[in-house]
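This is my_file_31.cif (mmCIF, N, CA and C atoms).
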data_query
loop_
_atom_site.label_atom_id
_atom_site.label_comp_id
_atom_site.auth_asym_id
_atom_site.auth_seq_id
_atom_site.Cartn_x
_atom_site.Cartn_y
_atom_site.Cartn_z
N MET E 19 20.75 10.24 -13.49
CA MET E 19 19.65 9.85 -12.65
C MET E 19 19.76 10.62 -11.33
N SER E 20 18.62 11.12 -10.87
CA SER E 20 18.62 11.88 -9.63
C SER E 20 17.61 11.28 -8.66
N ILE E 21 17.77 11.62 -7.41
CA ILE E 21 16.83 11.17 -6.39
C ILE E 21 15.44 11.70 -6.70
N GLU E 22 15.36 12.94 -7.18
CA GLU E 22 14.07 13.52 -7.52
C GLU E 22 13.35 12.69 -8.58
N GLN E 23 14.08 12.27 -9.59
CA GLN E 23 13.47 11.47 -10.64
C GLN E 23 12.90 10.16 -10.07
N LEU E 24 13.63 9.56 -9.15
CA LEU E 24 13.14 8.33 -8.51
C LEU E 24 11.88 8.62 -7.70
N GLN E 25 11.89 9.72 -6.99
CA GLN E 25 10.70 10.11 -6.22
C GLN E 25 9.52 10.34 -7.16
N TYR E 26 9.76 10.94 -8.30
CA TYR E 26 8.70 11.21 -9.26
C TYR E 26 8.08 9.92 -9.78
N ILE E 27 8.91 8.96 -10.18
CA ILE E 27 8.33 7.73 -10.74
C ILE E 27 7.59 6.92 -9.68
N VAL E 28 8.06 6.98 -8.44
CA VAL E 28 7.35 6.30 -7.35
C VAL E 28 5.98 6.94 -7.15
N GLU E 29 5.94 8.25 -7.12
CA GLU E 29 4.67 8.95 -6.90
C GLU E 29 3.71 8.73 -8.07
N ILE E 30 4.22 8.72 -9.28
CA ILE E 30 3.37 8.45 -10.45
C ILE E 30 2.79 7.04 -10.35
N ALA E 31 3.63 6.08 -9.98
CA ALA E 31 3.16 4.70 -9.85
C ALA E 31 2.09 4.59 -8.76
N LYS E 32 2.27 5.33 -7.66
CA LYS E 32 1.30 5.29 -6.56
C LYS E 32 -0.04 5.91 -6.96
N THR E 33 0.02 7.04 -7.65
CA THR E 33 -1.21 7.77 -7.97
C THR E 33 -1.84 7.35 -9.29
N GLY E 34 -1.04 6.78 -10.18
CA GLY E 34 -1.56 6.41 -11.50
C GLY E 34 -1.78 7.60 -12.40
N SER E 35 -1.15 8.73 -12.03
CA SER E 35 -1.38 9.96 -12.78
C SER E 35 -0.19 10.90 -12.65
N ILE E 36 0.26 11.44 -13.77
CA ILE E 36 1.34 12.42 -13.73
C ILE E 36 0.85 13.71 -13.08
N SER E 37 -0.36 14.13 -13.40
CA SER E 37 -0.86 15.38 -12.83
C SER E 37 -1.07 15.27 -11.32
N ASN E 38 -1.60 14.15 -10.84
CA ASN E 38 -1.77 13.97 -9.40
C ASN E 38 -0.42 13.88 -8.69
N ALA E 39 0.54 13.19 -9.30
CA ALA E 39 1.87 13.10 -8.72
C ALA E 39 2.50 14.49 -8.64
N ALA E 40 2.37 15.26 -9.69
CA ALA E 40 2.92 16.62 -9.70
C ALA E 40 2.29 17.46 -8.60
N GLN E 41 1.00 17.35 -8.46
CA GLN E 41 0.29 18.10 -7.42
C GLN E 41 0.79 17.69 -6.03
N ASN E 42 0.91 16.39 -5.79
CA ASN E 42 1.36 15.89 -4.49
C ASN E 42 2.79 16.32 -4.17
N LEU E 43 3.61 16.43 -5.22
CA LEU E 43 5.02 16.79 -5.03
C LEU E 43 5.26 18.30 -5.15
N HIS E 44 4.20 19.05 -5.43
CA HIS E 44 4.28 20.51 -5.53
C HIS E 44 5.24 20.99 -6.62
N ILE E 45 5.12 20.34 -7.78
CA ILE E 45 5.87 20.75 -8.97
C ILE E 45 4.91 20.79 -10.15
N SER E 46 5.35 21.36 -11.24
CA SER E 46 4.46 21.43 -12.40
C SER E 46 4.39 20.08 -13.11
N GLN E 47 3.28 19.88 -13.79
CA GLN E 47 3.11 18.66 -14.57
C GLN E 47 4.16 18.58 -15.67
N ALA E 48 4.48 19.70 -16.27
CA ALA E 48 5.49 19.73 -17.33
C ALA E 48 6.86 19.32 -16.78
N ALA E 49 7.18 19.78 -15.57
CA ALA E 49 8.48 19.46 -14.98
C ALA E 49 8.61 17.97 -14.68
N ILE E 50 7.56 17.39 -14.12
CA ILE E 50 7.63 15.96 -13.78
C ILE E 50 7.66 15.11 -15.06
N SER E 51 6.89 15.52 -16.05
CA SER E 51 6.86 14.80 -17.31
C SER E 51 8.22 14.84 -18.00
N LYS E 52 8.85 16.01 -18.00
CA LYS E 52 10.18 16.16 -18.61
C LYS E 52 11.21 15.33 -17.85
N ALA E 53 11.16 15.34 -16.53
CA ALA E 53 12.11 14.58 -15.72
C ALA E 53 11.97 13.08 -15.99
N VAL E 54 10.75 12.60 -16.12
CA VAL E 54 10.52 11.19 -16.40
C VAL E 54 11.00 10.84 -17.81
N SER E 55 10.73 11.71 -18.76
CA SER E 55 11.20 11.48 -20.13
C SER E 55 12.72 11.42 -20.18
N ASN E 56 13.38 12.31 -19.44
CA ASN E 56 14.85 12.30 -19.39
C ASN E 56 15.37 11.00 -18.77
N LEU E 57 14.70 10.53 -17.72
CA LEU E 57 15.11 9.28 -17.08
C LEU E 57 14.89 8.10 -18.02
N GLU E 58 13.78 8.10 -18.73
CA GLU E 58 13.51 7.03 -19.70
C GLU E 58 14.59 7.01 -20.78
N GLU E 59 14.98 8.18 -21.23
CA GLU E 59 16.03 8.26 -22.24
C GLU E 59 17.35 7.75 -21.69
N GLU E 60 17.67 8.14 -20.47
CA GLU E 60 18.92 7.70 -19.85
C GLU E 60 18.96 6.19 -19.66
N LEU E 61 17.84 5.61 -19.23
CA LEU E 61 17.78 4.17 -18.97
C LEU E 61 17.52 3.34 -20.22
N GLY E 62 17.01 4.00 -21.26
CA GLY E 62 16.70 3.29 -22.49
C GLY E 62 15.48 2.39 -22.36
N VAL E 63 14.54 2.80 -21.52
CA VAL E 63 13.34 2.01 -21.29
C VAL E 63 12.15 2.95 -21.08
N THR E 64 10.99 2.54 -21.56
CA THR E 64 9.77 3.29 -21.32
C THR E 64 9.23 2.85 -19.97
N LEU E 65 9.08 3.79 -19.06
CA LEU E 65 8.65 3.47 -17.70
C LEU E 65 7.14 3.39 -17.55
N PHE E 66 6.41 4.23 -18.30
CA PHE E 66 4.96 4.30 -18.15
C PHE E 66 4.26 4.33 -19.50
N LYS E 67 3.08 3.72 -19.52
CA LYS E 67 2.15 3.88 -20.64
C LYS E 67 1.25 5.04 -20.26
N ARG E 68 1.29 6.09 -21.05
CA ARG E 68 0.51 7.29 -20.75
C ARG E 68 -0.74 7.32 -21.63
N SER E 69 -1.86 7.62 -20.98
CA SER E 69 -3.12 7.78 -21.73
C SER E 69 -4.01 8.75 -20.97
N ARG E 70 -5.10 9.12 -21.58
CA ARG E 70 -6.04 10.04 -20.92
C ARG E 70 -6.64 9.42 -19.66
N SER E 71 -6.71 8.10 -19.64
CA SER E 71 -7.33 7.44 -18.48
C SER E 71 -6.34 7.19 -17.34
N GLY E 72 -5.06 7.51 -17.54
CA GLY E 72 -4.09 7.35 -16.47
C GLY E 72 -2.71 6.97 -16.98
N THR E 73 -1.84 6.74 -16.03
CA THR E 73 -0.45 6.38 -16.33
C THR E 73 -0.14 5.08 -15.61
N VAL E 74 0.27 4.07 -16.38
CA VAL E 74 0.48 2.74 -15.84
C VAL E 74 1.92 2.31 -16.11
N PRO E 75 2.60 1.72 -15.12
CA PRO E 75 3.96 1.23 -15.36
C PRO E 75 3.97 0.17 -16.47
N THR E 76 5.00 0.21 -17.29
CA THR E 76 5.16 -0.82 -18.31
C THR E 76 5.66 -2.09 -17.62
N GLU E 77 5.50 -3.19 -18.31
CA GLU E 77 5.94 -4.48 -17.77
C GLU E 77 7.43 -4.46 -17.45
N GLU E 78 8.21 -3.84 -18.31
CA GLU E 78 9.66 -3.81 -18.11
C GLU E 78 10.10 -2.85 -17.01
N SER E 79 9.21 -1.98 -16.55
CA SER E 79 9.61 -1.00 -15.54
C SER E 79 9.20 -1.38 -14.12
N VAL E 80 8.41 -2.40 -13.96
CA VAL E 80 7.89 -2.75 -12.64
C VAL E 80 9.02 -2.97 -11.63
N GLN E 81 10.04 -3.71 -12.01
CA GLN E 81 11.18 -3.97 -11.11
C GLN E 81 11.93 -2.68 -10.81
N LEU E 82 12.12 -1.84 -11.82
CA LEU E 82 12.84 -0.58 -11.61
C LEU E 82 12.07 0.32 -10.64
N ILE E 83 10.78 0.38 -10.78
CA ILE E 83 9.96 1.22 -9.90
C ILE E 83 9.99 0.64 -8.48
N ARG E 84 9.97 -0.66 -8.36
CA ARG E 84 10.06 -1.30 -7.03
C ARG E 84 11.38 -0.92 -6.35
N LYS E 85 12.46 -0.95 -7.10
CA LYS E 85 13.77 -0.57 -6.54
C LYS E 85 13.80 0.92 -6.19
N ALA E 86 13.19 1.74 -7.04
CA ALA E 86 13.12 3.18 -6.75
C ALA E 86 12.34 3.42 -5.47
N PHE E 87 11.27 2.66 -5.27
CA PHE E 87 10.48 2.78 -4.05
C PHE E 87 11.32 2.45 -2.82
N GLU E 88 12.12 1.39 -2.92
CA GLU E 88 13.01 1.01 -1.81
C GLU E 88 14.01 2.13 -1.51
N ILE E 89 14.53 2.75 -2.54
CA ILE E 89 15.49 3.85 -2.37
C ILE E 89 14.82 5.04 -1.69
N VAL E 90 13.61 5.37 -2.13
CA VAL E 90 12.89 6.49 -1.55
C VAL E 90 12.60 6.23 -0.06
N ILE E 91 12.22 5.01 0.28
CA ILE E 91 11.98 4.65 1.68
C ILE E 91 13.26 4.81 2.49
N LYS E 92 14.38 4.32 1.98
CA LYS E 92 15.67 4.43 2.68
C LYS E 92 16.07 5.90 2.84
N LEU E 93 15.79 6.70 1.83
CA LEU E 93 16.10 8.13 1.91
C LEU E 93 15.27 8.80 3.01
N GLN E 94 14.00 8.43 3.11
CA GLN E 94 13.16 8.98 4.18
C GLN E 94 13.69 8.56 5.55
N GLU E 95 14.10 7.31 5.68
CA GLU E 95 14.68 6.83 6.93
C GLU E 95 15.95 7.61 7.27
N PHE E 96 16.75 7.86 6.26
CA PHE E 96 18.00 8.61 6.45
C PHE E 96 17.71 10.02 6.94
N ARG E 97 16.73 10.66 6.34
CA ARG E 97 16.37 12.03 6.73
C ARG E 97 15.82 12.07 8.16
N GLU E 98 15.11 11.03 8.55
CA GLU E 98 14.55 10.97 9.89
C GLU E 98 15.62 10.77 10.96
N GLU E 99 16.72 10.13 10.60
CA GLU E 99 17.83 9.92 11.54
C GLU E 99 18.46 11.26 11.85
#

Please re-express this file's structure in structure tokens.
Amino acid sequence: MSIEQLQYIVEIAKTGSISNAAQNLHISQAAISKAVSNLEEELGVTLFKRSRSGTVPTEESVQLIRKAFEIVIKLQEFREE
């Protein structure tokens, strides 16, 4: 698990879209999708339901994404110090 992967899932949850998250983070859609798939494999849980109409967190991932968001916020605070 990497900080980048946590940032990716937070941005996907915020935007509801892998492509929009990739654009906001200035990375390719393929790269963000692969990183999320790798994280899902590592955690043994599906984080998002993917469809043409958007990407939605699964019921089992809501708490994990909330914790990832807290970590990302703390990381931003750390960088600002």

Name the closest residue to E:Thr76 among the candidates E:Gln94, E:Ser51, E:Thr64, E:Gln23; distances are taken between atoms, counting only N, CA and C atoms.
E:Thr64

Counting only C-alpha atoms, find residues at most 12 Å from (14.2, 8.6, 0.1) (file frame) and give them as a ChimeraX atom specification.
/E:20-26,28-29,85-98

Based on the selection just made, write N, CA and C atoms of those residues as a PDB file, in the coordinates of the input.
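Saved the output as selection_35.pdb:
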ATOM      1  N   SER E  20      18.620  11.120 -10.870  1.00  0.00           N
ATOM      2  CA  SER E  20      18.620  11.880  -9.630  1.00  0.00           C
ATOM      3  C   SER E  20      17.610  11.280  -8.660  1.00  0.00           C
ATOM      4  N   ILE E  21      17.770  11.620  -7.410  1.00  0.00           N
ATOM      5  CA  ILE E  21      16.830  11.170  -6.390  1.00  0.00           C
ATOM      6  C   ILE E  21      15.440  11.700  -6.700  1.00  0.00           C
ATOM      7  N   GLU E  22      15.360  12.940  -7.180  1.00  0.00           N
ATOM      8  CA  GLU E  22      14.070  13.520  -7.520  1.00  0.00           C
ATOM      9  C   GLU E  22      13.350  12.690  -8.580  1.00  0.00           C
ATOM     10  N   GLN E  23      14.080  12.270  -9.590  1.00  0.00           N
ATOM     11  CA  GLN E  23      13.470  11.470 -10.640  1.00  0.00           C
ATOM     12  C   GLN E  23      12.900  10.160 -10.070  1.00  0.00           C
ATOM     13  N   LEU E  24      13.630   9.560  -9.150  1.00  0.00           N
ATOM     14  CA  LEU E  24      13.140   8.330  -8.510  1.00  0.00           C
ATOM     15  C   LEU E  24      11.880   8.620  -7.700  1.00  0.00           C
ATOM     16  N   GLN E  25      11.890   9.720  -6.990  1.00  0.00           N
ATOM     17  CA  GLN E  25      10.700  10.110  -6.220  1.00  0.00           C
ATOM     18  C   GLN E  25       9.520  10.340  -7.160  1.00  0.00           C
ATOM     19  N   TYR E  26       9.760  10.940  -8.300  1.00  0.00           N
ATOM     20  CA  TYR E  26       8.700  11.210  -9.260  1.00  0.00           C
ATOM     21  C   TYR E  26       8.080   9.920  -9.780  1.00  0.00           C
ATOM     22  N   VAL E  28       8.060   6.980  -8.440  1.00  0.00           N
ATOM     23  CA  VAL E  28       7.350   6.300  -7.350  1.00  0.00           C
ATOM     24  C   VAL E  28       5.980   6.940  -7.150  1.00  0.00           C
ATOM     25  N   GLU E  29       5.940   8.250  -7.120  1.00  0.00           N
ATOM     26  CA  GLU E  29       4.670   8.950  -6.900  1.00  0.00           C
ATOM     27  C   GLU E  29       3.710   8.730  -8.070  1.00  0.00           C
ATOM     28  N   LYS E  85      12.460  -0.950  -7.100  1.00  0.00           N
ATOM     29  CA  LYS E  85      13.770  -0.570  -6.540  1.00  0.00           C
ATOM     30  C   LYS E  85      13.800   0.920  -6.190  1.00  0.00           C
ATOM     31  N   ALA E  86      13.190   1.740  -7.040  1.00  0.00           N
ATOM     32  CA  ALA E  86      13.120   3.180  -6.750  1.00  0.00           C
ATOM     33  C   ALA E  86      12.340   3.420  -5.470  1.00  0.00           C
ATOM     34  N   PHE E  87      11.270   2.660  -5.270  1.00  0.00           N
ATOM     35  CA  PHE E  87      10.480   2.780  -4.050  1.00  0.00           C
ATOM     36  C   PHE E  87      11.320   2.450  -2.820  1.00  0.00           C
ATOM     37  N   GLU E  88      12.120   1.390  -2.920  1.00  0.00           N
ATOM     38  CA  GLU E  88      13.010   1.010  -1.810  1.00  0.00           C
ATOM     39  C   GLU E  88      14.010   2.130  -1.510  1.00  0.00           C
ATOM     40  N   ILE E  89      14.530   2.750  -2.540  1.00  0.00           N
ATOM     41  CA  ILE E  89      15.490   3.850  -2.370  1.00  0.00           C
ATOM     42  C   ILE E  89      14.820   5.040  -1.690  1.00  0.00           C
ATOM     43  N   VAL E  90      13.610   5.370  -2.130  1.00  0.00           N
ATOM     44  CA  VAL E  90      12.890   6.490  -1.550  1.00  0.00           C
ATOM     45  C   VAL E  90      12.600   6.230  -0.060  1.00  0.00           C
ATOM     46  N   ILE E  91      12.220   5.010   0.280  1.00  0.00           N
ATOM     47  CA  ILE E  91      11.980   4.650   1.680  1.00  0.00           C
ATOM     48  C   ILE E  91      13.260   4.810   2.490  1.00  0.00           C
ATOM     49  N   LYS E  92      14.380   4.320   1.980  1.00  0.00           N
ATOM     50  CA  LYS E  92      15.670   4.430   2.680  1.00  0.00           C
ATOM     51  C   LYS E  92      16.070   5.900   2.840  1.00  0.00           C
ATOM     52  N   LEU E  93      15.790   6.700   1.830  1.00  0.00           N
ATOM     53  CA  LEU E  93      16.100   8.130   1.910  1.00  0.00           C
ATOM     54  C   LEU E  93      15.270   8.800   3.010  1.00  0.00           C
ATOM     55  N   GLN E  94      14.000   8.430   3.110  1.00  0.00           N
ATOM     56  CA  GLN E  94      13.160   8.980   4.180  1.00  0.00           C
ATOM     57  C   GLN E  94      13.690   8.560   5.550  1.00  0.00           C
ATOM     58  N   GLU E  95      14.100   7.310   5.680  1.00  0.00           N
ATOM     59  CA  GLU E  95      14.680   6.830   6.930  1.00  0.00           C
ATOM     60  C   GLU E  95      15.950   7.610   7.270  1.00  0.00           C
ATOM     61  N   PHE E  96      16.750   7.860   6.260  1.00  0.00           N
ATOM     62  CA  PHE E  96      18.000   8.610   6.450  1.00  0.00           C
ATOM     63  C   PHE E  96      17.710  10.020   6.940  1.00  0.00           C
ATOM     64  N   ARG E  97      16.730  10.660   6.340  1.00  0.00           N
ATOM     65  CA  ARG E  97      16.370  12.030   6.730  1.00  0.00           C
ATOM     66  C   ARG E  97      15.820  12.070   8.160  1.00  0.00           C
ATOM     67  N   GLU E  98      15.110  11.030   8.550  1.00  0.00           N
ATOM     68  CA  GLU E  98      14.550  10.970   9.890  1.00  0.00           C
ATOM     69  C   GLU E  98      15.620  10.770  10.960  1.00  0.00           C
TER      70      GLU E  98
END

Atom CA of E:Ile27 to atom CA of E:Gly62, straight-line distance in Å:
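These atoms are spaced 15.1 Å apart.
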
Rounded to one decimal, what separation in Å do you get between atom C of E:Gly72 and atom C of E:Glu59?
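Computing it gives 20.6 Å between the two atoms.
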
Spatial neighbours of E:Ala40, 8 Å, all atoms listed in the file, chain gap at least 3 places, as a PyMOL selection string:
chain E and resi 26+29-30+35-37+43-51

Counting all atoms listed in the file, figure out which residue out of E:Glu60, E:Thr73, E:Arg68, E:Val54 gets nearest to E:Gly34.
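Between E:Glu60, E:Thr73, E:Arg68, E:Val54, the residue approaching E:Gly34 most closely is E:Thr73.
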
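Between atom CA of E:Asn56 and atom CA of E:Ser71 the separation is 22.7 Å.
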
Identify all residues of chain E in strand (DSSP E or B) (DSSP on the backbone) and supply them as a PyMOL selection string.
chain E and resi 66-69+72-75

Return the padded bounding box of stretch 76-89 of chain E as lines of an AutoDock Vina configuration file: axis-aligned, built from all atoms listed in the file, 6 Å added on each side, with centre and edge lengths in Å to one decimal.
center_x = 10.2
center_y = 0.3
center_z = -9.9
size_x = 22.5
size_y = 21.5
size_z = 28.8

Assign secondary structure with DSSP using the backbone only, and return the residues of stretch 31-96 of chain E in alpha helix (DSSP H) as a ChimeraX atom specification.
/E:31-33,36-43,47-61,80-96

With only C-alpha atoms as the basis for distance, which of E:Ala53, E:Val74, E:Leu61, E:Glu99 is at the shortest distance from E:Thr33?
E:Val74

Identify, on the basis of all atoms listed in the file, every residue whose closest approach to E:Leu65 does not exceed 7 Å; exclude the query and any residue fewer than 3 positions from it along the same chain; express the result as a ChimeraX atom specification.
/E:58,74-80

Could you save those same residues with N, CA and C atoms as a PDB file, in the coordinates of the input?
ATOM      1  N   GLU E  58      13.780   8.100 -18.730  1.00  0.00           N
ATOM      2  CA  GLU E  58      13.510   7.030 -19.700  1.00  0.00           C
ATOM      3  C   GLU E  58      14.590   7.010 -20.780  1.00  0.00           C
ATOM      4  N   VAL E  74       0.270   4.070 -16.380  1.00  0.00           N
ATOM      5  CA  VAL E  74       0.480   2.740 -15.840  1.00  0.00           C
ATOM      6  C   VAL E  74       1.920   2.310 -16.110  1.00  0.00           C
ATOM      7  N   PRO E  75       2.600   1.720 -15.120  1.00  0.00           N
ATOM      8  CA  PRO E  75       3.960   1.230 -15.360  1.00  0.00           C
ATOM      9  C   PRO E  75       3.970   0.170 -16.470  1.00  0.00           C
ATOM     10  N   THR E  76       5.000   0.210 -17.290  1.00  0.00           N
ATOM     11  CA  THR E  76       5.160  -0.820 -18.310  1.00  0.00           C
ATOM     12  C   THR E  76       5.660  -2.090 -17.620  1.00  0.00           C
ATOM     13  N   GLU E  77       5.500  -3.190 -18.310  1.00  0.00           N
ATOM     14  CA  GLU E  77       5.940  -4.480 -17.770  1.00  0.00           C
ATOM     15  C   GLU E  77       7.430  -4.460 -17.450  1.00  0.00           C
ATOM     16  N   GLU E  78       8.210  -3.840 -18.310  1.00  0.00           N
ATOM     17  CA  GLU E  78       9.660  -3.810 -18.110  1.00  0.00           C
ATOM     18  C   GLU E  78      10.100  -2.850 -17.010  1.00  0.00           C
ATOM     19  N   SER E  79       9.210  -1.980 -16.550  1.00  0.00           N
ATOM     20  CA  SER E  79       9.610  -1.000 -15.540  1.00  0.00           C
ATOM     21  C   SER E  79       9.200  -1.380 -14.120  1.00  0.00           C
ATOM     22  N   VAL E  80       8.410  -2.400 -13.960  1.00  0.00           N
ATOM     23  CA  VAL E  80       7.890  -2.750 -12.640  1.00  0.00           C
ATOM     24  C   VAL E  80       9.020  -2.970 -11.630  1.00  0.00           C
TER      25      VAL E  80
END
